[in-house]
Each structure stands twice: as structure tokens, then as C-alpha cells.
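Okay, query.cif is below, mmCIF, C-alpha atoms:
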```cif
data_coords
#
loop_
_atom_site.group_PDB
_atom_site.id
_atom_site.type_symbol
_atom_site.label_atom_id
_atom_site.label_comp_id
_atom_site.auth_asym_id
_atom_site.auth_seq_id
_atom_site.Cartn_x
_atom_site.Cartn_y
_atom_site.Cartn_z
ATOM 1 C CA MET A 1 115.033 85.007 93.469
ATOM 2 C CA PRO A 2 111.389 85.842 92.899
ATOM 3 C CA GLN A 3 110.732 89.569 93.067
ATOM 4 C CA SER A 4 107.591 91.507 93.741
ATOM 5 C CA ARG A 5 106.237 93.139 90.627
ATOM 6 C CA TYR A 6 105.012 96.010 92.792
ATOM 7 C CA PHE A 7 108.207 96.861 94.691
ATOM 8 C CA THR A 8 111.629 97.849 93.389
ATOM 9 C CA ILE A 9 114.512 99.751 94.943
ATOM 10 C CA PRO A 10 116.409 101.342 92.025
ATOM 11 C CA LEU A 11 120.166 100.881 92.390
ATOM 12 C CA ALA A 12 120.653 104.655 92.236
ATOM 13 C CA ASN A 13 118.425 105.079 95.312
ATOM 14 C CA VAL A 14 120.737 103.093 97.591
ATOM 15 C CA ASP A 15 122.714 105.844 99.283
ATOM 16 C CA THR A 16 123.755 103.978 102.423
ATOM 17 C CA GLY A 17 124.974 100.433 102.523
ATOM 18 C CA GLN A 18 126.266 98.185 99.772
ATOM 19 C CA VAL A 19 124.207 96.413 97.127
ATOM 20 C CA ILE A 20 125.087 92.727 97.468
ATOM 21 C CA ALA A 21 122.658 91.493 94.791
ATOM 22 C CA GLY A 22 120.525 93.112 92.138
ATOM 23 C CA ASP A 23 120.650 94.653 88.702
ATOM 24 C CA ARG A 24 119.164 97.557 86.743
ATOM 25 C CA LYS A 25 115.969 95.647 85.948
ATOM 26 C CA THR A 26 115.127 94.187 89.380
ATOM 27 C CA GLY A 27 116.815 96.894 91.420
ATOM 28 C CA ALA A 28 118.663 96.237 94.671
ATOM 29 C CA THR A 29 117.550 92.869 96.006
ATOM 30 C CA ILE A 30 120.026 92.469 98.881
ATOM 31 C CA ILE A 31 121.531 95.486 100.653
ATOM 32 C CA GLN A 32 124.016 95.305 103.507
ATOM 33 C CA ASN A 33 124.859 98.185 105.823
ATOM 34 C CA GLN A 34 128.022 97.520 107.857
ATOM 35 C CA GLN A 35 127.526 100.582 110.089
ATOM 36 C CA THR A 36 124.086 99.518 111.297
ATOM 37 C CA ARG A 37 124.830 95.792 110.991
ATOM 38 C CA THR A 38 121.691 95.282 108.915
ATOM 39 C CA VAL A 39 120.840 93.334 105.780
ATOM 40 C CA TYR A 40 117.743 93.986 103.684
ATOM 41 C CA VAL A 41 116.351 91.337 101.329
ATOM 42 C CA THR A 42 113.554 92.428 99.018
ATOM 43 C CA GLY A 43 112.961 89.143 97.225
ATOM 44 C CA HIS A 44 111.105 85.994 98.130
ATOM 45 C CA TYR A 45 113.525 83.120 98.638
ATOM 46 C CA GLU A 46 110.820 81.449 100.725
ATOM 47 C CA TYR A 47 108.601 80.946 97.675
ATOM 48 C CA GLY A 48 108.076 77.369 96.574
ATOM 49 C CA PRO A 49 108.233 76.352 92.903
ATOM 50 C CA ASN A 50 104.548 77.089 92.242
ATOM 51 C CA ASN A 51 103.945 80.289 94.228
ATOM 52 C CA LEU A 52 104.607 82.701 91.359
ATOM 53 C CA ALA A 53 102.668 80.542 88.902
ATOM 54 C CA MET A 54 99.635 80.544 91.198
ATOM 55 C CA GLU A 55 99.848 84.337 91.715
ATOM 56 C CA PHE A 56 100.347 84.964 87.993
ATOM 57 C CA ARG A 57 97.396 82.792 86.968
ATOM 58 C CA ARG A 58 95.192 84.228 89.739
ATOM 59 C CA ASP A 59 95.886 87.752 88.517
ATOM 60 C CA GLN A 60 95.230 86.732 84.909
ATOM 61 C CA ARG A 61 91.838 85.277 85.935
ATOM 62 C CA ARG A 62 91.058 88.602 87.594
ATOM 63 C CA GLY A 63 91.655 90.307 84.260
ATOM 64 C CA MET A 64 94.832 92.072 85.316
ATOM 65 C CA LEU A 65 97.220 92.950 82.506
ATOM 66 C CA ILE A 66 100.463 91.649 83.967
ATOM 67 C CA ALA A 67 103.721 90.526 82.422
ATOM 68 C CA LYS A 68 104.793 86.909 82.658
ATOM 69 C CA PRO A 69 107.451 86.511 85.380
ATOM 70 C CA THR A 70 110.890 86.784 83.767
ATOM 71 C CA GLY A 71 113.034 83.653 83.808
ATOM 72 C CA TYR A 72 110.446 81.669 85.728
ATOM 73 C CA PHE A 73 108.548 79.542 83.222
ATOM 74 C CA GLY A 74 110.445 76.976 81.164
ATOM 75 C CA ASP A 75 109.871 76.320 77.476
ATOM 76 C CA ASP A 76 107.262 73.760 78.466
ATOM 77 C CA GLY A 77 105.302 76.391 80.445
ATOM 78 C CA ARG A 78 106.134 74.818 83.803
ATOM 79 C CA PRO A 79 107.686 76.883 86.606
ATOM 80 C CA MET A 80 111.368 76.547 87.468
ATOM 81 C CA ALA A 81 112.513 77.075 91.052
ATOM 82 C CA HIS A 82 116.160 77.774 90.292
ATOM 83 C CA TRP A 83 116.502 80.051 93.333
ATOM 84 C CA HIS A 84 115.925 77.331 95.937
ATOM 85 C CA GLU A 85 119.574 76.348 96.518
ATOM 86 C CA GLN A 86 120.703 79.983 96.743
ATOM 87 C CA GLY A 87 117.932 80.681 99.231
ATOM 88 C CA ILE A 88 119.051 77.826 101.452
ATOM 89 C CA HIS A 89 122.648 79.057 101.256
ATOM 90 C CA ILE A 90 121.714 82.629 102.217
ATOM 91 C CA VAL A 91 119.634 81.492 105.193
ATOM 92 C CA GLU A 92 122.370 79.095 106.353
ATOM 93 C CA GLN A 93 125.000 81.862 106.132
ATOM 94 C CA TRP A 94 122.735 84.281 107.973
ATOM 95 C CA LEU A 95 122.162 81.788 110.780
ATOM 96 C CA LYS A 96 125.877 80.994 110.944
ATOM 97 C CA ASP A 97 126.739 84.705 111.179
ATOM 98 C CA GLU A 98 124.096 85.209 113.900
ATOM 99 C CA GLU A 99 125.521 82.290 115.858
ATOM 100 C CA ILE A 100 129.030 83.753 115.676
ATOM 101 C CA THR A 101 127.854 87.260 116.523
ATOM 102 C CA ASN A 102 125.577 86.283 119.395
ATOM 103 C CA GLY A 103 127.755 83.475 120.735
#
```

Would you kindly transcribe this structure into C-alpha cells?
Amino acid sequence: MPQSRYFTIPLANVDTGQVIAGDRKTGATIIQNQQTRTVYVTGHYEYGPNNLAMEFRRDQRRGMLIAKPTGYFGDDGRPMAHWHEQGIHIVEQWLKDEEITNG
């Protein structure tokens, strides 16, 4: 899922809850805490296929020295929205769990 280039939760910093998704590079992207019945998502599943491309190009025009988003642009330079199906699945599961929990 698209991640903010300005915000990362290092895996080692998660001292309560369980890291459901993430890695050493992007940090913890989904954290679940069973005790507090909370889930934290740091990424942007809501982004459409062109959101990151528009932000990246905007920042380049502003003269910012930023890295190209990892795994986002294809060989042809066009953006790939490979997170879309996973985003739908996560939201559907969340809504299903809420429906069960709240009756």
C-alpha cells in the first residue's frame, strides 16, 4: 500500500500490539492491539492509481529532492495500483468485523 515518505513506525518501536503488516524498510503499516480492540493503519489504501504520481511530480516541480516511490512506477513510467484489491479486502473485513461486534 502507498506509504507516506514522511512517516514511519520502525518495527522495533511497536511495544504493544502485533504488527500485522510491514517490513524493515516501510516499518509497521498495520498494527493490531487485542487488549484495546484497536487497529492502526499507517498507509493509504484509499489512494487511486495516480495519487502518488501527482504528489511525486508536484514535489519534483517544487525542486524537492525526493526518491521515486518504490514499486510504484512500471517499466513504462506509468503508475501501478497493485494495492487496490488488498485495500478493498481490508475494508470489507473491517466492516464485517464491526457488524459482528456491534450486532

Separation of CA of Glu85 in chain A from CA of Met1 in chain A in Å: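 Separating CA of Met1 in chain A from CA of Glu85 in chain A is a distance of 10.2 Å.
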
Using the chain letters and numbers from the file, which residues does the PyMOL selection byres ((chain A and resi 42-46) around 8) grab, as a compact mmCIF listing (two decimals) with C-alpha atoms, in the coordinates of the input?
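Dumped to result.txt:
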```
# COMPACT_ATOMS: atom_id res chain seq x y z
CA MET A 1 115.03 85.01 93.47
CA PRO A 2 111.39 85.84 92.90
CA GLN A 3 110.73 89.57 93.07
CA SER A 4 107.59 91.51 93.74
CA ALA A 28 118.66 96.24 94.67
CA THR A 29 117.55 92.87 96.01
CA ILE A 30 120.03 92.47 98.88
CA TYR A 40 117.74 93.99 103.68
CA VAL A 41 116.35 91.34 101.33
CA TYR A 47 108.60 80.95 97.68
CA GLY A 48 108.08 77.37 96.57
CA TRP A 83 116.50 80.05 93.33
CA HIS A 84 115.92 77.33 95.94
CA GLY A 87 117.93 80.68 99.23
```

Explicit residues for the PyMOL selection byres ((chain A and resi 56-69) around 10) (as an MDAnalysis selection string): chainID A and resid 2:5 50:55 70:73 79

Draw an axis-aligned box tight on the listed atoms of range 68-71 of chain A, then pad every side by 5 Å and write out centre and edge lengths in Å to one decimal as lines of an AutoDock Vina configuration file.
```
center_x = 108.9
center_y = 85.3
center_z = 84.0
size_x = 18.2
size_y = 13.3
size_z = 12.7
```

Residue nearest Ile90 in chain A among A:Val39, A:Gln34, A:Gly17, A:Tyr6 (counting all atoms listed in the file):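 Counting all atoms listed in the file, the residue closest to Ile90 in chain A is A:Val39.
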
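Between CA of Thr36 in chain A and CA of Val19 in chain A there is a distance of 14.5 Å.
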
Computed interatomic separation between CA of Leu11 in chain A and CA of Gly27 in chain A (Å): 5.3 Å

Nearest-residue call for Phe7 in chain A, choices A:Thr38, A:Gln86, A:Thr26, A:Gln32, using all atoms listed in the file: A:Thr26

8 Å contact set for Thr16 in chain A, only C-alpha atoms, chain neighbours under 2 positions out, as a list of chain:residue names: A:Val14, A:Gln18, A:Asn33
